[in-house]
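Structure below is model-v8.txt: compact mmCIF, C-alpha atoms.
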```
# COMPACT_ATOMS: atom_id res chain seq x y z
CA MET A 191 23.24 -34.75 -26.81
CA LYS A 192 23.58 -34.82 -30.57
CA GLN A 193 26.86 -36.28 -31.79
CA GLN A 194 28.99 -35.12 -34.68
CA VAL A 195 31.77 -36.84 -36.58
CA LEU A 196 35.22 -35.54 -35.76
CA THR A 197 38.07 -36.51 -38.09
CA PHE A 198 41.70 -35.87 -37.26
CA ILE A 199 45.16 -37.44 -37.43
CA LEU A 200 46.02 -39.21 -34.20
CA ASN A 201 49.55 -40.54 -33.81
CA GLY A 202 49.97 -40.78 -37.56
CA GLU A 203 46.61 -42.37 -38.39
CA GLU A 204 43.38 -40.75 -39.46
CA VAL A 205 40.59 -41.37 -36.97
CA ALA A 206 36.89 -40.55 -37.19
CA VAL A 207 34.93 -40.51 -33.96
CA LEU A 208 31.49 -39.40 -32.79
CA VAL A 209 31.67 -36.59 -30.24
CA THR A 210 29.34 -34.10 -28.59
CA PRO A 211 30.00 -30.34 -28.86
CA THR A 212 31.07 -29.88 -25.24
CA GLU A 213 33.57 -32.75 -25.08
CA THR A 214 37.23 -31.84 -24.77
CA LEU A 215 40.03 -33.49 -26.70
CA LEU A 216 41.02 -35.17 -23.43
CA ASP A 217 37.50 -36.63 -23.02
CA VAL A 218 37.56 -37.99 -26.56
CA LEU A 219 41.08 -39.41 -26.33
CA ARG A 220 40.53 -41.16 -23.02
CA GLU A 221 36.88 -42.15 -23.11
CA ARG A 222 36.12 -42.71 -26.78
CA LEU A 223 39.48 -43.72 -28.24
CA GLN A 224 41.02 -45.46 -25.20
CA ILE A 225 44.14 -43.31 -25.58
CA THR A 226 44.83 -43.06 -21.86
CA GLY A 227 48.37 -41.65 -21.97
CA PRO A 228 47.15 -38.08 -21.46
CA LYS A 229 46.02 -37.85 -17.82
CA ARG A 230 43.20 -35.85 -16.29
CA GLY A 231 44.81 -34.01 -13.41
CA CYS A 232 43.03 -30.72 -12.87
CA ASP A 233 40.78 -30.28 -15.95
CA ASP A 234 41.74 -26.64 -15.57
CA GLY A 235 44.98 -26.21 -17.54
CA GLU A 236 47.18 -25.89 -14.46
CA CYS A 237 48.91 -29.25 -14.07
CA GLY A 238 50.09 -30.24 -17.57
CA ALA A 239 49.37 -33.98 -17.22
CA CYS A 240 47.03 -33.90 -20.25
CA THR A 241 49.49 -32.13 -22.56
CA VAL A 242 49.53 -33.38 -26.17
CA LEU A 243 51.08 -31.99 -29.34
CA LEU A 244 48.65 -30.27 -31.72
CA ASP A 245 50.30 -29.78 -35.10
CA GLY A 246 53.57 -30.31 -33.25
CA GLU A 247 53.02 -27.72 -30.50
CA PRO A 248 52.14 -28.56 -26.89
CA VAL A 249 48.58 -27.74 -25.82
CA ARG A 250 46.37 -28.78 -22.93
CA SER A 251 43.97 -31.41 -24.21
CA CYS A 252 41.65 -30.59 -21.28
CA LEU A 253 41.33 -27.01 -22.57
CA THR A 254 40.96 -27.97 -26.22
CA LEU A 255 37.40 -28.46 -27.39
CA ALA A 256 37.46 -31.70 -29.38
CA LEU A 257 35.66 -30.36 -32.45
CA THR A 258 38.26 -27.63 -32.92
CA VAL A 259 40.92 -30.20 -33.87
CA GLU A 260 39.00 -31.21 -37.02
CA GLY A 261 41.57 -31.99 -39.73
CA ARG A 262 44.54 -31.34 -37.45
CA THR A 263 47.33 -33.57 -36.17
CA VAL A 264 47.44 -34.78 -32.56
CA THR A 265 50.35 -36.65 -31.01
CA THR A 266 50.13 -38.28 -27.58
CA VAL A 267 52.68 -40.27 -25.64
CA GLU A 268 51.32 -43.36 -27.41
CA GLY A 269 52.74 -41.88 -30.63
CA LEU A 270 56.29 -41.50 -29.36
CA MET A 271 57.36 -45.10 -29.87
CA VAL A 272 58.62 -45.92 -33.34
CA LYS A 273 58.48 -49.56 -34.51
CA GLY A 274 58.32 -50.83 -30.94
CA GLU A 275 61.34 -48.76 -29.89
CA LEU A 276 60.97 -46.29 -27.05
CA ASP A 277 61.74 -42.67 -27.91
CA ARG A 278 65.11 -41.42 -26.61
CA LEU A 279 63.32 -39.29 -24.04
CA GLN A 280 61.30 -42.27 -22.83
CA LYS A 281 64.49 -44.29 -22.43
CA ALA A 282 66.20 -41.48 -20.54
CA PHE A 283 63.19 -40.91 -18.23
CA TYR A 284 62.99 -44.68 -17.57
CA GLU A 285 66.66 -45.29 -16.96
CA ARG A 286 67.18 -42.17 -14.87
CA GLY A 287 64.05 -42.56 -12.76
CA ALA A 288 62.59 -39.27 -13.87
CA PHE A 289 59.30 -40.05 -12.10
CA GLN A 290 57.88 -41.86 -9.12
CA CYS A 291 54.16 -42.34 -9.70
CA GLY A 292 54.39 -41.54 -13.42
CA PHE A 293 51.15 -39.54 -13.62
CA CYS A 294 52.87 -36.43 -14.98
CA THR A 295 55.20 -38.34 -17.30
CA PRO A 296 53.11 -38.43 -20.51
CA GLY A 297 52.71 -34.65 -20.36
CA MET A 298 56.35 -34.09 -19.40
CA LEU A 299 57.51 -36.20 -22.33
CA MET A 300 55.41 -34.33 -24.87
CA VAL A 301 56.63 -30.92 -23.71
CA ALA A 302 60.23 -32.16 -23.59
CA LYS A 303 59.80 -33.53 -27.12
CA SER A 304 58.66 -30.11 -28.32
CA LEU A 305 61.52 -28.37 -26.49
CA LEU A 306 64.22 -30.53 -28.09
CA ALA A 307 62.62 -30.15 -31.53
CA LYS A 308 63.01 -26.36 -31.20
CA ASN A 309 66.16 -26.21 -29.19
CA PRO A 310 68.30 -29.38 -29.45
CA ASN A 311 70.75 -28.17 -26.83
CA PRO A 312 68.83 -26.27 -24.14
CA SER A 313 70.46 -24.88 -21.02
CA ARG A 314 69.25 -25.94 -17.61
CA ASP A 315 67.38 -22.63 -17.26
CA GLU A 316 65.78 -23.03 -20.67
CA ILE A 317 64.58 -26.50 -19.68
CA ARG A 318 63.17 -25.24 -16.37
CA SER A 319 61.43 -22.36 -18.06
CA TYR A 320 59.96 -24.43 -20.92
CA MET A 321 58.77 -27.18 -18.55
CA ALA A 322 57.34 -24.78 -15.94
CA GLY A 323 53.76 -25.60 -16.89
CA ASN A 324 54.10 -29.29 -16.02
CA LEU A 325 53.83 -30.16 -12.37
CA CYS A 326 55.31 -33.27 -10.74
CA ARG A 327 53.90 -33.75 -7.25
CA CYS A 328 56.44 -36.51 -6.51
CA GLY A 329 59.10 -33.84 -7.00
CA SER A 330 61.17 -35.61 -9.64
CA TYR A 331 62.13 -32.33 -11.26
CA GLU A 332 65.88 -32.82 -10.91
CA GLU A 333 65.76 -36.22 -12.61
CA ILE A 334 63.47 -34.88 -15.32
CA ILE A 335 65.88 -32.04 -16.12
CA GLU A 336 68.82 -34.46 -16.07
CA ALA A 337 67.03 -36.88 -18.40
CA ILE A 338 66.35 -34.10 -20.92
CA GLN A 339 69.94 -32.89 -20.64
CA ALA A 340 71.20 -36.44 -21.22
CA VAL A 341 69.13 -36.77 -24.40
CA ALA A 342 70.35 -33.37 -25.60
CA ALA A 343 73.92 -34.48 -24.92
CA GLY A 344 73.43 -37.50 -27.19
CA GLU A 345 73.57 -40.10 -24.43
CA TYR A 346 70.43 -41.84 -25.77
CA MET B 180 20.46 -32.92 -21.54
CA ARG B 181 20.02 -29.72 -23.53
CA GLU B 182 21.49 -29.61 -27.01
CA VAL B 183 24.55 -27.40 -27.41
CA LEU B 184 25.16 -26.15 -30.92
CA TYR B 185 28.69 -25.87 -32.28
CA TYR B 186 29.63 -23.46 -35.04
CA ALA B 187 33.02 -23.02 -36.71
CA PRO B 188 32.38 -20.44 -39.41
CA THR B 189 35.03 -19.42 -41.91
CA GLU B 190 33.45 -16.06 -42.81
CA LEU B 191 33.10 -13.08 -40.48
CA THR B 192 29.58 -12.32 -41.74
CA GLU B 193 28.58 -15.85 -40.83
CA ALA B 194 30.11 -15.46 -37.36
CA THR B 195 28.34 -12.18 -36.60
CA ALA B 196 25.02 -13.58 -37.89
CA ILE B 197 25.35 -16.54 -35.50
CA LEU B 198 26.15 -14.17 -32.65
CA ALA B 199 23.17 -11.97 -33.54
CA ASP B 200 20.95 -15.06 -33.39
CA HIS B 201 22.15 -16.44 -30.08
CA ARG B 202 23.42 -13.27 -28.36
CA ASP B 203 24.33 -13.93 -24.71
CA LYS B 204 23.35 -17.61 -25.04
CA ALA B 205 26.43 -18.09 -27.22
CA ALA B 206 29.95 -18.48 -25.89
CA VAL B 207 32.74 -17.30 -28.19
CA LEU B 208 35.60 -19.80 -28.26
CA ALA B 209 39.11 -18.95 -29.43
CA GLY B 210 42.03 -20.59 -27.59
CA GLY B 211 39.75 -21.95 -24.88
CA THR B 212 42.13 -21.35 -22.00
CA ASP B 213 39.60 -19.20 -20.12
CA LEU B 214 36.35 -20.71 -21.42
CA LEU B 215 37.13 -24.43 -21.13
CA PRO B 216 37.73 -24.46 -17.36
CA LYS B 217 34.31 -22.86 -16.98
CA LEU B 218 32.73 -25.43 -19.31
CA ASN B 219 34.54 -28.31 -17.62
CA TYR B 220 33.27 -27.22 -14.22
CA TYR B 221 29.77 -26.27 -15.46
CA GLU B 222 30.23 -22.64 -14.48
CA VAL B 223 28.85 -21.58 -17.85
CA LYS B 224 26.22 -23.48 -19.82
CA PRO B 225 26.00 -21.85 -23.24
CA HIS B 226 23.36 -22.87 -25.78
CA ALA B 227 25.87 -22.41 -28.59
CA LEU B 228 29.63 -22.47 -28.99
CA LEU B 229 31.03 -20.17 -31.65
CA TYR B 230 34.58 -21.18 -32.55
CA ILE B 231 36.37 -18.25 -34.17
CA GLY B 232 39.65 -20.04 -34.87
CA ARG B 233 38.82 -20.54 -38.56
CA LEU B 234 38.09 -16.91 -39.43
CA GLY B 235 41.63 -16.07 -40.50
CA LEU B 236 42.09 -13.62 -37.62
CA SER B 237 45.58 -14.82 -36.63
CA SER B 238 47.95 -12.31 -38.15
CA ILE B 239 50.25 -9.43 -37.30
CA HIS B 240 50.63 -6.57 -39.79
CA ASN B 241 52.61 -3.38 -39.75
CA GLY B 242 50.70 -0.31 -40.94
CA SER B 243 52.01 3.24 -41.24
CA SER B 244 50.96 4.21 -37.74
CA ALA B 245 49.98 1.03 -35.94
CA LEU B 246 50.46 -2.70 -35.66
CA THR B 247 47.27 -4.54 -36.53
CA ILE B 248 46.96 -7.78 -34.61
CA GLY B 249 44.21 -10.26 -35.41
CA ALA B 250 42.10 -11.24 -32.42
CA THR B 251 42.99 -14.94 -32.52
CA THR B 252 46.75 -14.34 -32.68
CA THR B 253 48.23 -16.55 -29.97
CA THR B 254 50.32 -15.38 -27.06
CA ALA B 255 53.15 -17.59 -28.38
CA ASP B 256 53.08 -15.67 -31.67
CA LEU B 257 53.12 -12.31 -29.85
CA ALA B 258 56.11 -13.39 -27.78
CA THR B 259 58.19 -14.34 -30.81
CA HIS B 260 56.99 -12.15 -33.71
CA HIS B 261 59.67 -9.75 -34.96
CA LEU B 262 57.25 -6.83 -35.44
CA VAL B 263 55.98 -7.13 -31.87
CA GLN B 264 59.52 -7.42 -30.53
CA GLN B 265 60.57 -4.37 -32.53
CA TYR B 266 57.60 -2.03 -32.06
CA ALA B 267 55.90 -3.30 -28.92
CA PRO B 268 58.58 -4.99 -26.80
CA ALA B 269 56.50 -4.58 -23.63
CA LEU B 270 53.73 -6.63 -25.26
CA ALA B 271 56.20 -9.32 -26.33
CA GLN B 272 57.53 -9.42 -22.75
CA ALA B 273 54.02 -9.65 -21.26
CA ALA B 274 53.26 -12.50 -23.67
CA ARG B 275 56.47 -14.31 -22.73
CA LEU B 276 55.65 -14.08 -19.01
CA SER B 277 52.02 -15.19 -19.37
CA GLY B 278 51.09 -18.80 -18.66
CA SER B 279 52.98 -21.91 -19.64
CA VAL B 280 54.18 -22.89 -23.10
CA ALA B 281 51.05 -24.99 -23.68
CA ILE B 282 48.81 -22.10 -22.60
CA GLN B 283 50.72 -19.60 -24.75
CA ASN B 284 50.19 -21.86 -27.77
CA ALA B 285 46.42 -21.64 -27.34
CA ALA B 286 45.60 -18.38 -25.53
CA THR B 287 44.76 -15.46 -27.82
CA ILE B 288 45.11 -11.70 -27.53
CA GLY B 289 41.39 -11.20 -28.17
CA GLY B 290 40.56 -13.71 -25.47
CA ASN B 291 42.84 -12.04 -22.94
CA ILE B 292 40.98 -8.78 -23.60
CA ALA B 293 37.45 -10.22 -23.70
CA ASN B 294 37.97 -12.24 -20.51
CA ALA B 295 38.70 -8.94 -18.76
CA SER B 296 40.63 -10.31 -15.82
CA PRO B 297 42.12 -7.60 -13.57
CA ALA B 298 45.35 -9.64 -13.88
CA ALA B 299 45.39 -9.88 -17.71
CA ASP B 300 49.07 -9.61 -18.65
CA LEU B 301 48.64 -8.59 -22.27
CA VAL B 302 46.07 -5.93 -21.38
CA VAL B 303 48.45 -4.21 -18.97
CA ALA B 304 51.05 -3.87 -21.74
CA LEU B 305 48.45 -2.90 -24.35
CA LEU B 306 47.12 -0.08 -22.15
CA ALA B 307 50.62 1.37 -21.86
CA LEU B 308 50.79 1.34 -25.66
CA ASP B 309 47.41 3.13 -26.13
CA ALA B 310 45.91 0.16 -27.97
CA SER B 311 42.36 0.05 -29.29
CA VAL B 312 40.07 -2.82 -30.27
CA ARG B 313 37.85 -3.24 -33.30
CA LEU B 314 34.43 -4.65 -32.49
CA LEU B 315 32.31 -6.16 -35.24
CA SER B 316 28.63 -7.03 -35.19
CA HIS B 317 26.09 -7.88 -37.90
CA SER B 318 25.07 -4.20 -37.91
CA GLY B 319 28.50 -2.58 -38.15
CA GLN B 320 31.84 -2.07 -36.52
CA ARG B 321 33.37 0.34 -34.03
CA ASP B 322 36.83 1.05 -32.69
CA VAL B 323 37.17 1.50 -28.94
CA HIS B 324 40.17 2.60 -26.92
CA LEU B 325 41.18 -0.21 -24.63
CA ALA B 326 41.21 2.31 -21.77
CA ASP B 327 37.42 2.67 -22.27
CA PHE B 328 36.72 -1.03 -22.73
CA PHE B 329 36.73 -2.47 -19.20
CA LEU B 330 33.96 -1.95 -16.64
CA GLY B 331 34.99 -4.34 -13.85
CA PRO B 332 36.29 -7.87 -13.24
CA HIS B 333 35.13 -9.86 -16.29
CA LEU B 334 32.86 -6.97 -17.32
CA THR B 335 33.31 -4.99 -20.51
CA ILE B 336 31.38 -2.78 -22.90
CA LEU B 337 31.37 -5.64 -25.45
CA GLN B 338 27.76 -6.21 -26.54
CA PRO B 339 26.39 -9.77 -26.79
CA ASP B 340 26.32 -9.56 -30.59
CA GLU B 341 29.84 -8.12 -30.91
CA LEU B 342 33.10 -9.86 -31.69
CA ILE B 343 36.61 -8.51 -31.16
CA THR B 344 38.27 -8.84 -34.57
CA GLN B 345 41.44 -6.75 -34.38
CA ILE B 346 43.69 -4.97 -31.94
CA HIS B 347 45.45 -1.80 -33.06
CA VAL B 348 48.69 -0.98 -31.32
CA PRO B 349 49.90 2.50 -32.28
CA LEU B 350 53.59 2.69 -33.09
CA SER B 351 54.05 4.63 -29.88
CA PRO B 352 57.45 6.14 -29.36
CA GLY B 353 59.27 5.77 -26.09
CA LYS B 354 61.02 3.42 -23.74
CA THR B 355 58.92 0.69 -22.26
CA GLU B 356 59.08 -2.02 -19.64
CA PHE B 357 56.74 -4.77 -18.43
CA LEU B 358 57.36 -6.45 -15.09
CA LYS B 359 55.34 -9.06 -13.26
CA LEU B 360 55.50 -10.46 -9.77
CA GLY B 361 53.90 -13.86 -9.18
CA ARG B 362 53.99 -16.59 -6.56
CA ARG B 363 56.47 -18.47 -8.71
CA LYS B 364 58.49 -17.63 -11.81
CA GLY B 365 56.82 -19.79 -14.43
CA GLN B 366 53.15 -20.15 -15.36
CA THR B 367 51.82 -17.78 -12.79
CA LEU B 368 49.06 -15.23 -12.39
CA ALA B 369 50.22 -11.77 -11.44
CA VAL B 370 50.22 -10.75 -7.80
CA VAL B 371 50.99 -7.39 -9.35
CA SER B 372 52.14 -6.44 -12.84
CA VAL B 373 53.33 -3.13 -14.27
CA ALA B 374 53.78 -1.71 -17.74
CA VAL B 375 55.35 1.70 -18.27
CA ARG B 376 56.18 3.83 -21.26
CA LEU B 377 58.34 6.94 -21.14
CA GLN B 378 58.42 9.24 -24.11
CA LEU B 379 61.53 11.34 -23.62
CA ASP B 380 62.56 14.60 -25.17
CA GLY B 381 66.17 14.96 -24.23
CA ASP B 382 66.21 15.12 -20.45
CA LEU B 383 62.53 15.82 -20.17
CA CYS B 384 59.66 13.39 -20.05
CA HIS B 385 57.31 14.38 -22.84
CA ASP B 386 54.65 11.79 -22.01
CA ALA B 387 54.28 8.77 -19.75
CA ARG B 388 52.11 5.71 -19.16
CA ILE B 389 51.98 3.77 -15.93
CA VAL B 390 49.64 0.78 -15.89
CA LEU B 391 49.03 -1.67 -13.05
CA GLY B 392 47.61 -5.20 -13.21
CA SER B 393 45.92 -7.06 -10.31
CA MET B 394 45.70 -3.79 -8.39
CA ALA B 395 42.12 -2.68 -9.15
CA PRO B 396 38.85 -4.12 -10.56
CA THR B 397 40.35 -3.65 -14.03
CA PRO B 398 43.90 -3.14 -15.30
CA LEU B 399 44.53 0.43 -14.23
CA ARG B 400 46.11 3.45 -15.89
CA CYS B 401 47.52 5.64 -13.11
CA ARG B 402 46.79 8.99 -14.71
CA THR B 403 47.81 11.25 -11.83
CA ALA B 404 51.14 9.45 -11.51
CA GLU B 405 51.65 9.81 -15.26
CA HIS B 406 50.89 13.52 -14.94
CA LEU B 407 53.59 13.90 -12.28
CA LEU B 408 56.19 12.83 -14.83
CA ARG B 409 54.94 14.87 -17.77
CA GLY B 410 57.19 17.79 -18.72
CA GLN B 411 59.62 16.97 -15.90
CA LYS B 412 63.22 15.92 -15.76
CA ILE B 413 63.22 12.27 -14.66
CA THR B 414 65.09 11.88 -11.40
CA THR B 415 65.19 9.05 -8.88
CA ASP B 416 63.16 11.25 -6.53
CA LEU B 417 60.51 11.85 -9.14
CA ILE B 418 60.33 8.14 -9.90
CA HIS B 419 59.73 7.42 -6.21
CA GLN B 420 56.99 10.05 -6.10
CA ALA B 421 55.34 8.65 -9.23
CA ALA B 422 55.43 5.11 -7.81
CA THR B 423 53.88 6.26 -4.53
CA GLN B 424 51.20 8.14 -6.45
CA ALA B 425 50.47 5.14 -8.73
CA ILE B 426 49.83 2.96 -5.69
CA ALA B 427 47.63 5.68 -4.16
CA GLU B 428 45.43 5.37 -7.25
CA SER B 429 45.12 1.58 -6.92
CA SER B 430 42.57 -0.39 -4.90
CA PRO B 431 43.88 -3.97 -4.64
CA ILE B 432 42.04 -6.76 -2.86
CA THR B 433 43.25 -9.53 -0.59
CA ASP B 434 42.86 -12.91 -2.26
CA GLN B 435 44.50 -16.33 -2.38
CA ARG B 436 47.57 -14.91 -4.10
CA ALA B 437 48.42 -11.96 -1.86
CA THR B 438 47.05 -9.48 0.64
CA ALA B 439 46.12 -5.97 -0.41
CA TRP B 440 48.84 -4.66 1.94
CA TYR B 441 51.49 -6.77 0.24
CA ARG B 442 50.27 -5.81 -3.23
CA LYS B 443 50.71 -2.14 -2.39
CA LYS B 444 54.19 -2.60 -0.94
CA ALA B 445 55.38 -4.84 -3.77
CA GLY B 446 53.56 -2.77 -6.38
CA GLU B 447 55.34 0.42 -5.37
CA ALA B 448 58.72 -1.27 -5.67
CA LEU B 449 57.73 -2.80 -9.00
CA VAL B 450 56.64 0.56 -10.47
CA GLN B 451 59.94 2.11 -9.37
CA ARG B 452 61.88 -0.73 -10.90
CA ALA B 453 59.90 -0.62 -14.15
CA LEU B 454 60.49 3.12 -14.57
CA LEU B 455 64.21 2.81 -13.79
CA GLN B 456 64.64 -0.15 -16.12
CA ALA B 457 62.67 1.54 -18.89
CA LEU B 458 65.17 4.40 -18.87
CA ASP B 459 67.90 1.92 -19.79
CA LYS B 460 65.89 0.39 -22.62
CA LYS B 461 66.36 1.09 -26.28
CA GLU B 462 63.91 3.68 -27.50
CA VAL B 463 61.20 2.40 -29.84
CA ARG B 464 60.87 4.65 -32.86
CA PRO B 465 58.06 4.28 -35.33
```

Could you render the structure as C-alpha cells?
Amino acid sequence: MKQQVLTFILNGEEVAVLVTPTETLLDVLRERLQITGPKRGCDDGECGACTVLLDGEPVRSCLTLALTVEGRTVTTVEGLMVKGELDRLQKAFYERGAFQCGFCTPGMLMVAKSLLAKNPNPSRDEIRSYMAGNLCRCGSYEEIIEAIQAVAAGEY
Amino acid sequence: MREVLYYAPTELTEATAILADHRDKAAVLAGGTDLLPKLNYYEVKPHALLYIGRLGLSSIHNGSSALTIGATTTTADLATHHLVQQYAPALAQAARLSGSVAIQNAATIGGNIANASPAADLVVALLALDASVRLLSHSGQRDVHLADFFLGPHLTILQPDELITQIHVPLSPGKTEFLKLGRRKGQTLAVVSVAVRLQLDGDLCHDARIVLGSMAPTPLRCRTAEHLLRGQKITTDLIHQAATQAIAESSPITDQRATAWYRKKAGEALVQRALLQALDKKEVRP
C-alpha cells in the first residue's frame, strides 16, 4: 500500500516516518519506530495498555489513526524519564510493586501522569475513577492507587 | 493489497466533495473510537478514509434558543464545558459516564450519533433535550430531529454523501436527570440507561421526556409514558405508573451484558429513580 510521510513530535523530538493510511499510532510506534512501551492488549480500546498522551491528554494509540497525529505531540512511557532519572511515578510504581507482569504499566503511568497534572492531590475515588479505563489482569490495583497517592503526597 | 486513500480536508466543501465522490466506499473518521476497532479487525474495508478532525467543527456556542455543538466536539469537552453543564446538565452527565478518560478525549458527539448504537449514552440525553442534527452534503443541508434520525442498530437516515456538522440542543426548560446502569462503574456500556426531563408548572407537569438506552433497536422515547405525566400532578404513584409504562414500550434483547428480563426489571427501577431524582434537581431556565 502506498506510504505517506507522517511528521510529529515524539517524546520531545520531531520524527518523520513513512506510514500507510490504515496504520494506527500504535502500529507506527511499535513496528516502525521501535517505541515498544505502549503495549498491544486488545486493539479495541478496552484495556488501556496502549495509552499515550496526545498533546498532553491520554488517548488509545490503538484507536488513533497514525496520520491524524500529523504535527501533534505524542508522549509515551519512553518520554517520562528526564536526563536518565525515572519519573516520580515510575519510582513509586517500582518501589511499591505496583505491577506483577508489567504489561499494563506503561499505560497506567501515562494516565496517572495526566491525572496528577490536572489534579495534584486526587482522592482515592478520583484516582479509581480516572484510572478505570486501564485494566491490570494481575490485580495490582491497590498498589497502583497507593503509588499514585504516595507521589501526590510528595513522597517521591 | 488495495490502496486506501486518506483525506484530511480543512474546508467543509472539500469534505463533502470527497464524500460525494466515494459515497459508501468512504469511512468518515472523527475520534476513531468506533471506527478503529472495525478497521483493526477488518470488519470494514473502506476505499477511502475521510478524517474530519481538521474542519474546525469542535466548538460549543450559545445561541438565543439553542446550544450549537460542533460534530467533532469530544465527550471530554461536553463533560466539562460550562455551557453544557448549565443548559444541558443531563448531556454533561451522560458524557461523564461514557467510556474511559482516554475514550472521552477522542470520542465525538457526532460519532456517537452516527454510530447509532442502541446504547449510545449521549444520544439518550440528547433525545430528552429534543436535539436535532444538521446534515451537510455537496448539494445542500438539512436539519433533522434526532428522534427521526435512527432506523435500527447502526442504521440511520444519514445518506452516504452526508456529513453531520452540528448538533442543536434547544435551551429546553425543566429538570433533568441521566442515569446509567452498567456491569461495572467505570468505562462501561449501558445495560440500561435513562434520561428524563420534567417541565413543571407549579405542581403540574407541563411536559415530560422519558428516554431509554439499550432497551430497543434504537434509543427510545417512551411517548405513552410521557403522556401519562403531561398535565398531571407528579406523585410517587404516577411515577411508578410512568416507569411501568415506559418499560412496556421497550423491547430489550438478551446479550452478553444482560438478559431482556433483567433489563426490564432494572430499567423500571432506573426510570423511577431518574424521575424522582429529577424532581430534586435545579430547574434549567433558558

- Message: Between A:Glu247, A:Glu268, A:Glu332, A:Glu285, which residue has the minimum interatomic distance to A:Gly227, considering all atoms listed in the file?
- Response: A:Glu268

- Item | Contact residues around A:Thr263 with all atoms listed in the file at 10 Å, ignoring same-chain residues under 2 positions, as a PyMOL selection string | chain A and resi 197-204+243-247+259-261+265

Residue hits in chain B, query chain A, radius 6 Å, all atoms listed in the file, as a PDB file with C-alpha atoms, in the frame of the given file:
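Output file iface09.pdb follows:
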```pdb
ATOM      1  CA  GLU B 182      21.490 -29.610 -27.010  1.00  0.00           C
ATOM      2  CA  TYR B 185      28.690 -25.870 -32.280  1.00  0.00           C
ATOM      3  CA  GLY B 211      39.750 -21.950 -24.880  1.00  0.00           C
ATOM      4  CA  THR B 212      42.130 -21.350 -22.000  1.00  0.00           C
ATOM      5  CA  LEU B 215      37.130 -24.430 -21.130  1.00  0.00           C
ATOM      6  CA  PRO B 216      37.730 -24.460 -17.360  1.00  0.00           C
ATOM      7  CA  SER B 279      52.980 -21.910 -19.640  1.00  0.00           C
ATOM      8  CA  ALA B 281      51.050 -24.990 -23.680  1.00  0.00           C
ATOM      9  CA  GLY B 365      56.820 -19.790 -14.430  1.00  0.00           C
ATOM     10  CA  GLN B 366      53.150 -20.150 -15.360  1.00  0.00           C
TER      11      GLN B 366
END
```

B:Leu191: which residues within 12 Å, counting only C-alpha atoms, same-chain residues fewer than 2 positions away excluded, as a PDB file with C-alpha atoms, in the frame of the given file?
```pdb
ATOM      1  CA  ALA B 187      33.020 -23.020 -36.710  1.00  0.00           C
ATOM      2  CA  PRO B 188      32.380 -20.440 -39.410  1.00  0.00           C
ATOM      3  CA  THR B 189      35.030 -19.420 -41.910  1.00  0.00           C
ATOM      4  CA  GLU B 193      28.580 -15.850 -40.830  1.00  0.00           C
ATOM      5  CA  ALA B 194      30.110 -15.460 -37.360  1.00  0.00           C
ATOM      6  CA  THR B 195      28.340 -12.180 -36.600  1.00  0.00           C
ATOM      7  CA  ALA B 196      25.020 -13.580 -37.890  1.00  0.00           C
ATOM      8  CA  ILE B 197      25.350 -16.540 -35.500  1.00  0.00           C
ATOM      9  CA  LEU B 198      26.150 -14.170 -32.650  1.00  0.00           C
ATOM     10  CA  LEU B 229      31.030 -20.170 -31.650  1.00  0.00           C
ATOM     11  CA  TYR B 230      34.580 -21.180 -32.550  1.00  0.00           C
ATOM     12  CA  ILE B 231      36.370 -18.250 -34.170  1.00  0.00           C
ATOM     13  CA  GLY B 232      39.650 -20.040 -34.870  1.00  0.00           C
ATOM     14  CA  ARG B 233      38.820 -20.540 -38.560  1.00  0.00           C
ATOM     15  CA  LEU B 234      38.090 -16.910 -39.430  1.00  0.00           C
ATOM     16  CA  GLY B 235      41.630 -16.070 -40.500  1.00  0.00           C
ATOM     17  CA  LEU B 236      42.090 -13.620 -37.620  1.00  0.00           C
ATOM     18  CA  LEU B 314      34.430  -4.650 -32.490  1.00  0.00           C
ATOM     19  CA  LEU B 315      32.310  -6.160 -35.240  1.00  0.00           C
ATOM     20  CA  SER B 316      28.630  -7.030 -35.190  1.00  0.00           C
ATOM     21  CA  HIS B 317      26.090  -7.880 -37.900  1.00  0.00           C
ATOM     22  CA  GLY B 319      28.500  -2.580 -38.150  1.00  0.00           C
ATOM     23  CA  GLN B 320      31.840  -2.070 -36.520  1.00  0.00           C
ATOM     24  CA  GLU B 341      29.840  -8.120 -30.910  1.00  0.00           C
ATOM     25  CA  LEU B 342      33.100  -9.860 -31.690  1.00  0.00           C
ATOM     26  CA  ILE B 343      36.610  -8.510 -31.160  1.00  0.00           C
ATOM     27  CA  THR B 344      38.270  -8.840 -34.570  1.00  0.00           C
TER      28      THR B 344
END
```

- Message: Using Å and a single decimal, report how far atom CA of B:Phe329 sits from atom CA of B:His406.
- Response: 21.8 Å

Taking every listed atom of stretch 304-312 of chain A and adding 3 Å to each side, what centre and edge lengths in Å (one decimal) does the axis-aligned box have, as AutoDock Vina command-line options?
```
--center_x 64.7 --center_y -28.4 --center_z -27.8 --size_x 18.1 --size_y 10.3 --size_z 13.4
```

- Item | Length of the atom CA of B:Asp340 to atom CA of B:Gly392 vector [Å] | 27.8 Å

- Task: Find the residues around B:Gly290 up to 12 Å (all atoms listed in the file counted), leave out those fewer than 2 positions away in its own chain, and share them as a PyMOL selection string.
- Result: chain B and resi 206-214+230-232+249-254+283+285-288+292-296+299-302+312+333+342-346

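With only C-alpha atoms as the atoms that count, the residue of A:Gly329, A:Gly344, A:Gly297, A:Gly231 with the shortest distance to A:Arg278 is A:Gly344.
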
- Query: Between atom CA of B:Val263 and atom CA of B:Arg464, what is the distance, to one decimal in Å?
  - Reply: 12.8 Å

- Query: What's the 10 Å shell around A:Leu306, counting all atoms listed in the file, without same-chain residues fewer than 3 positions away, as a PyMOL selection string?
  - Reply: chain A and resi 279+301-303+309-312+317+338-339+341-342

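In terms of minimum interatomic distance to B:Lys412, B:Leu383 ranks closest within B:Ala453, B:Ala425, B:Ala326, B:Leu383, counting all atoms listed in the file.
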
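For the choices B:Asp459, B:Glu405, B:Asp416, B:Asp434, the atom-to-atom distance to B:Ala369 is smallest for B:Asp434 when using only C-alpha atoms.
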
- Place a sphere of radius 9 Å on (57.1, -2.3, -30.4) in the file coordinates and name every protein, DNA or RNA residue with an atom inside or on its surface, counting only C-alpha atoms; give the answer as a ChimeraX atom specification. /B:246,262-271,308,348-352,355,463-465

- Task: Would you kindly return, as a PyMOL selection string, each protein, DNA or RNA residue with an atom no farther than 10 Å from any atom of A:Phe289, considering only C-alpha atoms and excluding same-chain residues fewer than 4 positions away?
- Result: chain A and resi 283-284+293-295+298+326-334
